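Pasting run_16.txt here (compact mmCIF, C-alpha atoms and all ligand atoms):
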# COMPACT_ATOMS: atom_id res chain seq x y z
CA MET A 1 27.36 -94.86 -16.28
CA GLU A 2 25.68 -94.27 -12.91
CA THR A 3 22.34 -95.33 -11.43
CA LEU A 4 19.97 -93.00 -9.66
CA ASP A 5 16.91 -94.10 -7.73
CA ARG A 6 13.54 -92.43 -8.31
CA SER A 7 14.14 -90.10 -5.33
CA GLY A 8 17.36 -88.94 -7.01
CA ILE A 9 15.29 -87.02 -9.56
CA ASP A 10 14.04 -84.70 -6.78
CA ALA A 11 17.68 -84.25 -5.77
CA LEU A 12 18.54 -83.41 -9.39
CA LEU A 13 15.85 -80.70 -9.64
CA THR A 14 16.99 -79.22 -6.32
CA ALA A 15 20.66 -79.28 -7.38
CA LEU A 16 19.80 -77.46 -10.62
CA ARG A 17 17.81 -74.80 -8.78
CA GLU A 18 20.63 -74.34 -6.27
CA ARG A 19 22.99 -73.68 -9.18
CA GLY A 20 20.74 -70.81 -10.26
CA PHE A 21 18.79 -72.48 -13.07
CA THR A 22 15.11 -71.97 -13.76
CA VAL A 23 14.08 -75.59 -14.29
CA LEU A 24 11.73 -76.31 -17.20
CA GLY A 25 10.28 -79.68 -18.07
CA PRO A 26 7.20 -81.70 -19.00
CA THR A 27 3.93 -81.21 -17.17
CA VAL A 28 0.26 -81.90 -17.88
CA ARG A 29 -1.86 -78.92 -18.89
CA ASP A 30 -4.99 -78.64 -21.03
CA ARG A 31 -4.99 -82.41 -21.58
CA ALA A 32 -1.52 -82.38 -23.16
CA ILE A 33 2.08 -82.71 -21.99
CA VAL A 34 3.67 -79.29 -22.36
CA TYR A 35 6.90 -77.71 -21.13
CA ASP A 36 6.79 -75.29 -18.20
CA GLU A 37 8.55 -74.50 -14.95
CA LEU A 38 8.99 -77.49 -12.59
CA ARG A 39 9.00 -76.96 -8.85
CA SER A 40 9.28 -80.66 -7.96
CA THR A 41 8.78 -84.09 -9.51
CA ALA A 42 5.09 -83.80 -8.56
CA ASP A 43 4.79 -81.41 -11.53
CA LEU A 44 5.98 -84.14 -13.94
CA PRO A 45 3.43 -86.26 -15.86
CA VAL A 46 3.65 -89.09 -13.31
CA GLY A 47 2.10 -92.27 -14.71
CA VAL A 48 0.77 -90.50 -17.80
CA THR A 49 1.38 -91.48 -21.40
CA ASP A 50 0.32 -90.14 -24.78
CA GLU A 51 -1.44 -92.00 -27.56
CA GLN A 52 -0.72 -90.43 -30.91
CA ALA A 53 -1.81 -91.05 -34.48
CA ALA A 54 -2.20 -88.88 -37.58
CA GLY A 55 -4.47 -86.01 -36.48
CA SER A 56 -4.97 -87.41 -32.99
CA TYR A 57 -3.46 -87.02 -29.49
CA ARG A 58 -4.78 -88.13 -26.13
CA LEU A 59 -3.40 -88.76 -22.67
CA THR A 60 -4.02 -91.97 -20.75
CA HIS A 61 -2.71 -93.61 -17.60
CA ARG A 62 0.13 -96.11 -17.86
CA GLY A 63 -0.59 -98.10 -14.73
CA ASP A 64 2.80 -97.31 -13.21
CA ASP A 65 4.60 -94.25 -11.80
CA ALA A 66 6.94 -93.51 -14.70
CA LEU A 67 8.01 -89.85 -14.77
CA PHE A 68 8.88 -89.72 -18.48
CA GLY A 69 6.62 -92.44 -19.90
CA TYR A 70 5.39 -90.48 -22.94
CA THR A 71 7.06 -89.24 -26.13
CA VAL A 72 6.62 -85.60 -27.23
CA GLY A 73 3.74 -83.14 -26.95
CA PRO A 74 2.77 -80.00 -28.87
CA HIS A 75 5.51 -77.88 -27.28
CA SER A 76 9.13 -78.04 -28.28
CA TRP A 77 12.08 -76.23 -26.71
CA LYS A 78 11.97 -73.66 -29.50
CA ARG A 79 9.23 -71.84 -27.61
CA TRP A 80 11.92 -70.90 -25.06
CA LEU A 81 14.91 -70.41 -27.36
CA HIS A 82 13.06 -68.86 -30.30
CA PRO A 83 9.85 -67.66 -28.59
CA PRO A 84 6.53 -67.28 -30.44
CA LEU A 85 6.44 -63.57 -29.59
CA VAL A 86 9.40 -61.48 -28.47
CA ARG A 87 10.07 -57.76 -28.25
CA LEU A 88 13.19 -56.89 -30.21
CA LEU A 89 13.36 -53.17 -29.51
CA ARG A 90 11.63 -50.38 -27.58
CA ILE A 91 12.31 -46.75 -28.46
CA THR A 92 11.16 -44.13 -25.97
CA PRO A 93 11.33 -40.35 -26.46
CA GLU A 94 13.43 -38.58 -23.85
CA GLU A 95 12.00 -35.80 -21.67
CA GLY A 96 11.77 -32.56 -23.64
CA GLY A 97 11.64 -34.38 -26.98
CA GLN A 98 15.36 -33.91 -27.67
CA GLY A 99 16.27 -37.54 -28.30
CA PHE A 100 15.36 -41.20 -27.88
CA THR A 101 16.34 -44.13 -25.68
CA ALA A 102 16.61 -47.54 -27.32
CA ASP A 103 16.23 -50.74 -25.29
CA SER A 104 16.90 -54.08 -27.01
CA SER A 105 17.14 -56.20 -23.86
CA ASP A 106 15.12 -59.44 -23.70
CA PRO A 107 13.30 -59.58 -20.35
CA GLY A 108 12.30 -63.21 -21.02
CA ALA A 109 15.86 -64.61 -21.09
CA ARG A 110 16.84 -66.78 -18.08
CA ARG A 111 19.49 -69.31 -17.12
CA TRP A 112 17.49 -72.41 -17.96
CA ALA A 113 17.81 -76.10 -17.26
CA PHE A 114 15.75 -78.11 -19.75
CA VAL A 115 14.70 -81.42 -18.20
CA GLY A 116 13.26 -84.21 -20.34
CA VAL A 117 14.79 -83.28 -23.68
CA ARG A 118 14.27 -86.12 -26.16
CA ALA A 119 16.99 -87.19 -28.59
CA CYS A 120 15.02 -85.84 -31.56
CA GLU A 121 14.65 -82.51 -29.74
CA LEU A 122 18.39 -82.33 -29.13
CA ALA A 123 18.87 -82.87 -32.85
CA ALA A 124 16.32 -80.10 -33.50
CA ILE A 125 18.15 -77.71 -31.16
CA GLY A 126 21.35 -78.60 -33.06
CA ILE A 127 19.60 -77.60 -36.32
CA GLN A 128 18.34 -74.30 -34.86
CA ASP A 129 21.86 -73.63 -33.53
CA ARG A 130 23.13 -73.86 -37.13
CA VAL A 131 20.35 -71.57 -38.38
CA PHE A 132 20.57 -68.91 -35.67
CA LEU A 133 24.19 -69.04 -34.56
CA ASP A 134 26.40 -70.53 -37.26
CA GLY A 135 25.48 -68.34 -40.24
CA PRO A 136 26.93 -64.96 -41.16
CA ALA A 137 24.38 -63.18 -38.90
CA VAL A 138 23.96 -64.39 -35.31
CA ASP A 139 20.46 -63.96 -33.89
CA PRO A 140 20.91 -62.07 -30.60
CA VAL A 141 17.66 -63.32 -29.01
CA TYR A 142 18.47 -66.97 -29.66
CA ASP A 143 22.11 -66.46 -28.71
CA ALA A 144 21.28 -64.95 -25.29
CA ARG A 145 18.65 -67.58 -24.50
CA ARG A 146 20.67 -70.58 -25.74
CA ARG A 147 23.92 -69.70 -23.98
CA GLY A 148 24.39 -71.67 -20.76
CA VAL A 149 21.29 -73.88 -21.07
CA PHE A 150 21.78 -77.06 -19.01
CA VAL A 151 20.29 -80.02 -20.85
CA VAL A 152 18.97 -83.12 -19.09
CA ALA A 153 18.10 -85.47 -21.93
CA VAL A 154 15.77 -88.40 -21.35
CA ASN A 155 16.09 -91.29 -23.79
CA CYS A 156 12.79 -92.57 -25.17
CA ALA A 157 11.80 -95.89 -23.66
CA GLN A 158 8.86 -96.20 -26.06
CA ALA A 159 8.08 -95.05 -29.58
CA GLY A 160 5.21 -92.64 -30.07
CA GLY A 161 2.48 -93.39 -32.59
CA THR A 162 3.85 -90.93 -35.17
CA CYS A 163 7.61 -90.99 -34.45
CA PHE A 164 10.23 -91.86 -37.07
CA CYS A 165 13.41 -90.48 -35.45
CA ALA A 166 15.27 -93.79 -35.90
CA SER A 167 15.13 -93.42 -39.70
CA MET A 168 16.37 -89.80 -39.39
CA ASP A 169 19.28 -90.98 -37.21
CA ALA A 170 18.01 -88.63 -34.49
CA GLY A 171 16.89 -91.01 -31.72
CA PRO A 172 15.66 -92.64 -29.59
CA ARG A 173 19.01 -92.44 -27.72
CA ALA A 174 20.62 -89.03 -27.16
CA ARG A 175 24.21 -89.15 -28.36
CA GLU A 176 25.53 -85.61 -27.91
CA GLY A 177 24.56 -82.08 -26.89
CA PHE A 178 23.44 -82.94 -23.34
CA ASP A 179 24.89 -82.33 -19.90
CA LEU A 180 23.17 -85.39 -18.44
CA ALA A 181 21.22 -88.14 -20.19
CA LEU A 182 18.78 -90.38 -18.32
CA THR A 183 17.18 -93.69 -19.22
CA GLU A 184 14.18 -94.53 -17.06
CA VAL A 185 13.63 -98.15 -16.05
CA VAL A 186 10.37 -99.18 -14.38
CA ASP A 187 10.52 -102.85 -13.36
CA ASP A 188 8.00 -104.80 -11.35
CA ASP A 189 9.88 -104.07 -8.15
CA ARG A 190 12.29 -101.22 -9.00
CA HIS A 191 12.14 -97.73 -10.50
CA TYR A 192 15.53 -96.24 -11.38
CA PHE A 193 17.46 -94.19 -13.92
CA LEU A 194 20.70 -94.85 -15.76
CA VAL A 195 22.60 -91.54 -15.92
CA GLU A 196 25.34 -90.59 -18.36
CA ASP A 197 27.23 -87.29 -18.15
CA GLY A 198 28.04 -85.36 -21.31
CA SER A 199 29.87 -82.26 -20.09
CA PRO A 200 32.07 -81.07 -17.21
CA GLU A 201 29.08 -79.24 -15.68
CA GLY A 202 27.00 -82.39 -16.02
CA ARG A 203 29.71 -84.34 -14.18
CA GLU A 204 29.69 -81.76 -11.37
CA VAL A 205 25.91 -81.96 -10.97
CA LEU A 206 26.00 -85.77 -11.07
CA ALA A 207 28.70 -85.83 -8.40
CA ALA A 208 26.32 -84.02 -6.04
CA LEU A 209 23.54 -86.61 -6.50
CA PRO A 210 22.96 -89.83 -4.51
CA SER A 211 24.02 -92.04 -7.45
CA ARG A 212 26.18 -95.18 -7.64
CA LEU A 213 28.00 -97.04 -10.38
CA ALA A 214 25.54 -98.90 -12.63
CA THR A 215 25.76 -102.68 -12.77
CA ALA A 216 26.26 -104.49 -16.09
CA ASP A 217 22.70 -105.85 -15.80
CA GLU A 218 21.23 -102.37 -15.36
CA VAL A 219 23.10 -101.10 -18.43
CA LYS A 220 21.93 -104.11 -20.45
CA THR A 221 18.33 -103.55 -19.38
CA ALA A 222 18.47 -99.90 -20.48
CA ASP A 223 20.04 -100.87 -23.83
CA ARG A 224 17.29 -103.41 -24.40
CA ILE A 225 14.60 -100.81 -23.70
CA LEU A 226 16.09 -98.35 -26.21
CA GLU A 227 16.55 -101.02 -28.88
CA SER A 228 12.92 -102.01 -28.48
CA ALA A 229 11.81 -98.35 -28.80
CA ALA A 230 13.87 -97.99 -32.02
CA SER A 231 12.50 -101.17 -33.56
CA SER A 232 8.86 -100.46 -32.71
CA MET A 233 8.56 -97.20 -34.69
CA GLY A 234 5.67 -97.55 -37.10
CA ARG A 235 6.95 -95.00 -39.61
CA SER A 236 10.15 -94.25 -41.45
CA LEU A 237 11.34 -91.67 -43.96
CA GLU A 238 13.72 -92.69 -46.72
CA MET A 239 15.99 -89.70 -47.33
CA ASP A 240 18.19 -91.35 -49.97
CA GLY A 241 17.84 -89.29 -53.20
CA LEU A 242 14.83 -87.41 -51.80
CA PRO A 243 16.22 -83.86 -52.35
CA GLU A 244 16.70 -84.67 -56.06
CA ILE A 245 13.22 -86.23 -56.29
CA LEU A 246 11.70 -83.10 -54.73
CA GLY A 247 13.71 -80.92 -57.11
CA ARG A 248 12.39 -82.88 -60.10
CA GLY A 249 8.88 -83.05 -58.66
CA TYR A 250 8.00 -79.36 -58.94
CA ASP A 251 5.05 -80.17 -61.25
CA SER A 252 3.99 -83.41 -59.56
CA PRO A 253 0.19 -83.89 -59.38
CA ARG A 254 0.73 -84.99 -55.75
CA TRP A 255 0.90 -81.33 -54.65
CA GLU A 256 -2.66 -80.73 -55.91
CA LYS A 257 -3.81 -83.93 -54.26
CA VAL A 258 -2.46 -83.01 -50.83
CA ALA A 259 -3.84 -79.48 -51.27
CA THR A 260 -7.37 -80.88 -51.40
CA ARG A 261 -6.87 -81.94 -47.76
CA CYS A 262 -4.49 -79.29 -46.41
CA LEU A 263 -6.29 -76.46 -44.59
CA SER A 264 -3.22 -74.21 -44.67
CA CYS A 265 -3.77 -73.86 -40.92
CA THR A 266 0.00 -73.58 -40.08
CA ASN A 267 -0.22 -76.11 -37.23
CA CYS A 268 2.58 -78.25 -38.68
CA THR A 269 5.01 -75.32 -38.70
CA MET A 270 4.02 -74.11 -35.23
CA VAL A 271 4.67 -77.48 -33.58
CA CYS A 272 7.77 -78.32 -35.62
CA PRO A 273 10.90 -77.98 -33.45
CA THR A 274 13.05 -76.85 -36.39
CA CYS A 275 10.76 -74.42 -38.28
CA PHE A 276 12.08 -70.93 -37.64
CA CYS A 277 10.22 -68.50 -39.91
CA SER A 278 9.08 -65.28 -38.30
CA THR A 279 7.73 -61.86 -39.15
CA VAL A 280 8.40 -58.47 -37.60
CA GLU A 281 5.80 -55.89 -36.60
CA ASP A 282 6.21 -52.31 -35.40
CA VAL A 283 3.70 -50.82 -32.96
CA ASN A 284 3.43 -47.25 -31.72
CA ASP A 285 1.93 -45.99 -28.50
CA LEU A 286 0.31 -42.64 -29.25
CA ALA A 287 -0.03 -41.84 -25.52
CA ASP A 288 3.68 -41.84 -24.64
CA GLY A 289 5.21 -41.77 -28.14
CA ALA A 290 7.08 -45.07 -27.61
CA ALA A 291 7.61 -47.42 -30.52
CA GLU A 292 8.23 -51.15 -30.26
CA ARG A 293 9.39 -53.82 -32.69
CA TRP A 294 8.09 -57.34 -32.06
CA ARG A 295 8.97 -60.62 -33.72
CA ARG A 296 6.43 -63.41 -33.93
CA TRP A 297 6.40 -66.85 -35.49
CA ASP A 298 5.14 -66.96 -39.06
CA SER A 299 4.61 -69.83 -41.43
CA CYS A 300 5.16 -70.64 -45.09
CA PHE A 301 1.50 -71.74 -45.07
CA THR A 302 0.20 -68.16 -44.91
CA THR A 303 -0.22 -66.11 -48.09
CA GLU A 304 1.26 -63.04 -46.35
CA PHE A 305 4.51 -64.89 -45.72
CA SER A 306 5.42 -64.78 -49.42
CA TYR A 307 4.09 -61.25 -49.99
CA LEU A 308 6.56 -59.52 -52.30
CA HIS A 309 6.06 -56.02 -53.67
CA GLY A 310 2.31 -56.02 -54.23
CA GLY A 311 1.28 -59.65 -53.90
CA SER A 312 1.90 -63.14 -52.61
CA VAL A 313 4.03 -65.41 -54.78
CA ARG A 314 2.43 -68.52 -53.31
CA THR A 315 -1.30 -68.01 -53.63
CA SER A 316 -2.31 -71.69 -53.86
CA VAL A 317 -2.28 -74.22 -51.01
CA SER A 318 -0.42 -76.68 -53.26
CA SER A 319 2.44 -74.20 -53.77
CA ARG A 320 2.67 -73.58 -50.03
CA TYR A 321 2.71 -77.28 -49.12
CA ARG A 322 5.32 -77.85 -51.85
CA GLN A 323 7.44 -75.02 -50.44
CA TRP A 324 7.27 -76.50 -46.93
CA LEU A 325 8.09 -80.08 -47.85
CA THR A 326 10.72 -79.20 -50.45
CA HIS A 327 12.51 -76.88 -48.04
CA LYS A 328 12.27 -79.25 -45.08
CA LEU A 329 13.50 -82.37 -46.84
CA GLY A 330 15.45 -80.92 -49.78
CA THR A 331 16.86 -77.42 -50.03
CA TRP A 332 17.39 -77.20 -46.25
CA ILE A 333 20.34 -79.58 -46.77
CA GLU A 334 22.05 -77.12 -49.16
CA GLN A 335 21.45 -74.28 -46.70
CA PHE A 336 22.25 -75.88 -43.37
CA GLY A 337 23.92 -79.22 -44.08
CA SER A 338 21.08 -81.50 -42.89
CA PRO A 339 17.35 -81.98 -43.50
CA GLY A 340 15.04 -79.75 -41.44
CA CYS A 341 13.29 -82.80 -39.99
CA VAL A 342 14.26 -84.96 -37.02
CA GLY A 343 11.34 -87.38 -37.16
CA CYS A 344 9.50 -86.21 -34.02
CA GLY A 345 6.12 -86.78 -35.70
CA ARG A 346 4.51 -83.63 -34.29
CA CYS A 347 3.40 -82.30 -37.69
CA ILE A 348 1.56 -85.60 -38.29
CA THR A 349 -0.12 -85.73 -34.87
CA TRP A 350 -1.16 -82.07 -34.81
CA CYS A 351 -2.32 -81.78 -38.42
CA PRO A 352 -6.10 -81.51 -38.04
CA VAL A 353 -6.63 -83.62 -41.16
CA GLY A 354 -3.82 -86.09 -40.46
CA ILE A 355 -1.51 -85.30 -43.38
CA ASP A 356 1.63 -87.40 -42.95
CA LEU A 357 4.86 -86.10 -44.49
CA THR A 358 6.36 -89.62 -44.60
CA GLU A 359 3.40 -90.70 -46.72
CA GLU A 360 3.68 -87.63 -48.97
CA ALA A 361 7.44 -88.16 -49.46
CA ALA A 362 6.86 -91.85 -50.28
CA ALA A 363 4.15 -90.95 -52.82
CA LEU A 364 6.44 -88.40 -54.49
CA ARG A 365 9.19 -91.03 -54.62
CA GLU A 366 6.79 -93.51 -56.19
CA SER A 367 5.56 -91.12 -58.90
CA ASP A 368 9.16 -90.07 -59.62
CA ARG A 369 10.08 -93.74 -60.06
CA ALA A 370 7.17 -94.22 -62.46
CA LEU A 371 8.14 -91.14 -64.48
CA HIS A 372 11.88 -91.67 -64.58
CA ALA A 373 12.13 -95.49 -64.61
S1 LIG A 401 8.80 -81.86 -40.06
FE1 LIG A 401 7.35 -82.88 -38.67
S2 LIG A 401 8.37 -84.78 -38.02
FE2 LIG A 401 9.94 -83.44 -38.92
S3 LIG A 401 10.82 -82.32 -37.18
FE3 LIG A 401 9.17 -81.02 -38.01
S4 LIG A 401 7.34 -81.61 -36.83
FE4 LIG A 401 8.88 -83.20 -36.47
S1 LIG A 402 -0.37 -79.93 -43.55
FE1 LIG A 402 -1.92 -80.10 -41.92
S2 LIG A 402 -1.09 -78.92 -40.21
FE2 LIG A 402 0.05 -78.31 -42.03
S3 LIG A 402 -1.03 -76.52 -42.84
FE3 LIG A 402 -1.89 -78.30 -43.90
S4 LIG A 402 -3.67 -78.90 -42.67
FE4 LIG A 402 -2.43 -77.53 -41.37
Show me the file's structure as structure tokens.
Ligand code: SF4
Ligand code: SF4
Amino acid sequence: METLDRSGIDALLTALRERGFTVLGPTVRDRAIVYDELRSTADLPVGVTDEQAAGSYRLTHRGDDALFGYTVGPHSWKRWLHPPLVRLLRITPEEGGQGFTADSSDPGARRWAFVGVRACELAAIGIQDRVFLDGPAVDPVYDARRRGVFVVAVNCAQAGGTCFCASMDAGPRAREGFDLALTEVVDDDRHYFLVEDGSPEGREVLAALPSRLATADEVKTADRILESAASSMGRSLEMDGLPEILGRGYDSPRWEKVATRCLSCTNCTMVCPTCFCSTVEDVNDLADGAAERWRRWDSCFTTEFSYLHGGSVRTSVSSRYRQWLTHKLGTWIEQFGSPGCVGCGRCITWCPVGIDLTEEAAALRESDRALHA
């Protein structure tokens, strides 16, 4: 483990750019912390933190100069790896109308360095890797964008108001899937980072930085900070037996109850770092005869998403909420070997009516216990 002073983070961003990466990381925009290109540490949310609760998010000042003193915002890394809107194909007629040219290149793909990836987000990227890369059909857009991404994880030094990653075994410390992992320590008189390398390329980058071997005290301080973040999470999700409970709970009255609040707005699926559903649209340009195929995010909360041969099979809000929760916490495990939730809390924060999936899962567990005791 090495230690890097605050100024070493500027050196890290420069080193990544010099290696040809487009550096993306957290920045403040529209009163939220989002992910975008970073030119220097001045673009980071210096001294800013987020206060989150069910249906509520606001930024405030911390009173120090922490660079990563917040948890997660509305963006996740899926907007870069599995973008909200991407052109899959463009077909252009050749001169003279004798044939066509097909172009399936992705002009948005870059060699990215992701800076500030939280442990839960690494777990979410791991889930999307299994969905897009490990099945019988590899997704070419995700494959091209994911290949060669350099990951700088930042362990969470504080729990957000809606987080429950500790109970999903997905945080707050990043354990794998990173090139470098940082833990930020802001003391009364010092501001530094513990740095761990997780790959040969990470070791190379670290070797070029002004770091030194961490002392035992510095390592202990960082461990203490992460333990305190894990123990201060206000929510948890008990997964034990939950897939079976959801399977038995198809007719539970809880689905109608949550449907009286759910607006079917799709926010929860848009902000979720693991949700991957999309739809495909073809557009034609009558002027030049070109045709394009675009993919855009879709959601199991829309009626169109389950449109099958003449109609939607999930016309009620209750059936759509049931589909989302049952897939996420139940059938996802059969499909991909893990739940589709990493406990980031985004769907709770960004639900306009504050629906909390940990509360819904607990209520379903309770009514199952009452029915099957
Ligand atoms: S379901 Fe909610 S808490 Fe779980 S990963 Fe998705 S947004 Fe995060
Ligand atoms: S659960 Fe909340 S965020 Fe999700 S669709 Fe319903 S109202 Fe929207």
Throw together the list of residues within 8 Å of ligand LIG 401 (chain A), counting all atoms listed in the file, and drop it here as number ranges by chain. A: 120, 124, 163-164, 268-269, 271-275, 328, 340-348, 357
List as a list in words the protein and nucleic acid residues lying within 6 Å of ligand LIG 402 (chain A), with only C-alpha atoms and all ligand atoms counted. Cys262, Leu263, Ser264, Cys265, Thr266, Asn267, Cys268, Phe301, Cys351, Pro352, Val353 and Ile355 of chain A
Can you tell me which residues surround Ile333 (chain A) at a distance of at most 12 Å, considering all atoms listed in the file, apart from same-chain residues fewer than 5 positions away, and format the answer as a ChimeraX atom specification? /A:127,130-131,239,241-244,326-328,338-341
Between CA of Asp5 (chain A) and CA of Leu206 (chain A), what is the distance in Å, rounded to a tenth?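 Separation between CA of Asp5 (chain A) and CA of Leu206 (chain A): 12.8 Å.
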Between CA of Arg118 (chain A) and CA of Tyr192 (chain A), what is the distance, to one decimal in Å?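 Computed distance, CA of Arg118 (chain A) to CA of Tyr192 (chain A), equals 18.0 Å.
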Let me make sure I understand: among A:Leu89, A:Leu133, A:Leu194, A:Leu364, which one has the smallest atom-to-atom distance to Trp294 (chain A) if we use all atoms listed in the file? A:Leu89
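The interatomic distance for the pair CA of Gly25 (chain A) and CA of Ala170 (chain A) works out to 20.2 Å.
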Taking (8.0, -99.4, -9.4) in the coordinates of the supplied file, I want to know which residues reach to within 10 Å of it, counting all atoms listed in the file; could you give the answer as a list of chain:residue names? A:Arg6, A:Asp64, A:Asp65, A:Ala66, A:Val185, A:Val186, A:Asp187, A:Asp188, A:Asp189, A:Arg190, A:His191, A:Tyr192
Option closest in space to Phe193 (chain A), from A:Gln323, A:Ser306, A:Ser105, A:Thr3 [counting all atoms listed in the file]: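 Counting all atoms listed in the file, the residue closest to Phe193 (chain A) is A:Thr3.
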Nearest residue to Leu329 (chain A) from the set A:Asp285, A:Leu13, A:Thr302, A:Gly247 (distances using all atoms listed in the file):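 The answer is A:Gly247, which sits nearest to Leu329 (chain A).
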Show me, as a list of chain:residue names, the residues that have an atom within 6 Å of Ala157 (chain A) when counting only C-alpha atoms, minus same-chain residues fewer than 3 positions from it.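 So the residues in contact are A:Ile225, A:Leu226, A:Ala229.
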Dig up all the protein and nucleic acid residues within 10 Å of (4.4, -95.1, -31.4) in the file frame, using all atoms listed in the file, and format them as a list in words.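 Those within range, by chain then number, are Asp50, Glu51, Gln52, Ala53, Tyr70, Thr71, Gln158, Ala159, Gly160, Gly161, Thr162, Cys163, Phe164, Ala229, Ala230, Ser232, Met233, Gly234, Arg235 and Gly345 of chain A.
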Using only C-alpha atoms, the residue out of A:Leu371, A:Leu44, A:Leu67, A:Ala137 with shortest distance to Glu184 (chain A) is A:Leu67
Could you check the closest approach to Thr101 (chain A) for each of A:Gly289, A:Gly354, A:Pro172, A:Pro45 and tell me which residue wins, using all atoms listed in the file?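 Looking only at the distances to Thr101 (chain A), the closest residue turns out to be A:Gly289.
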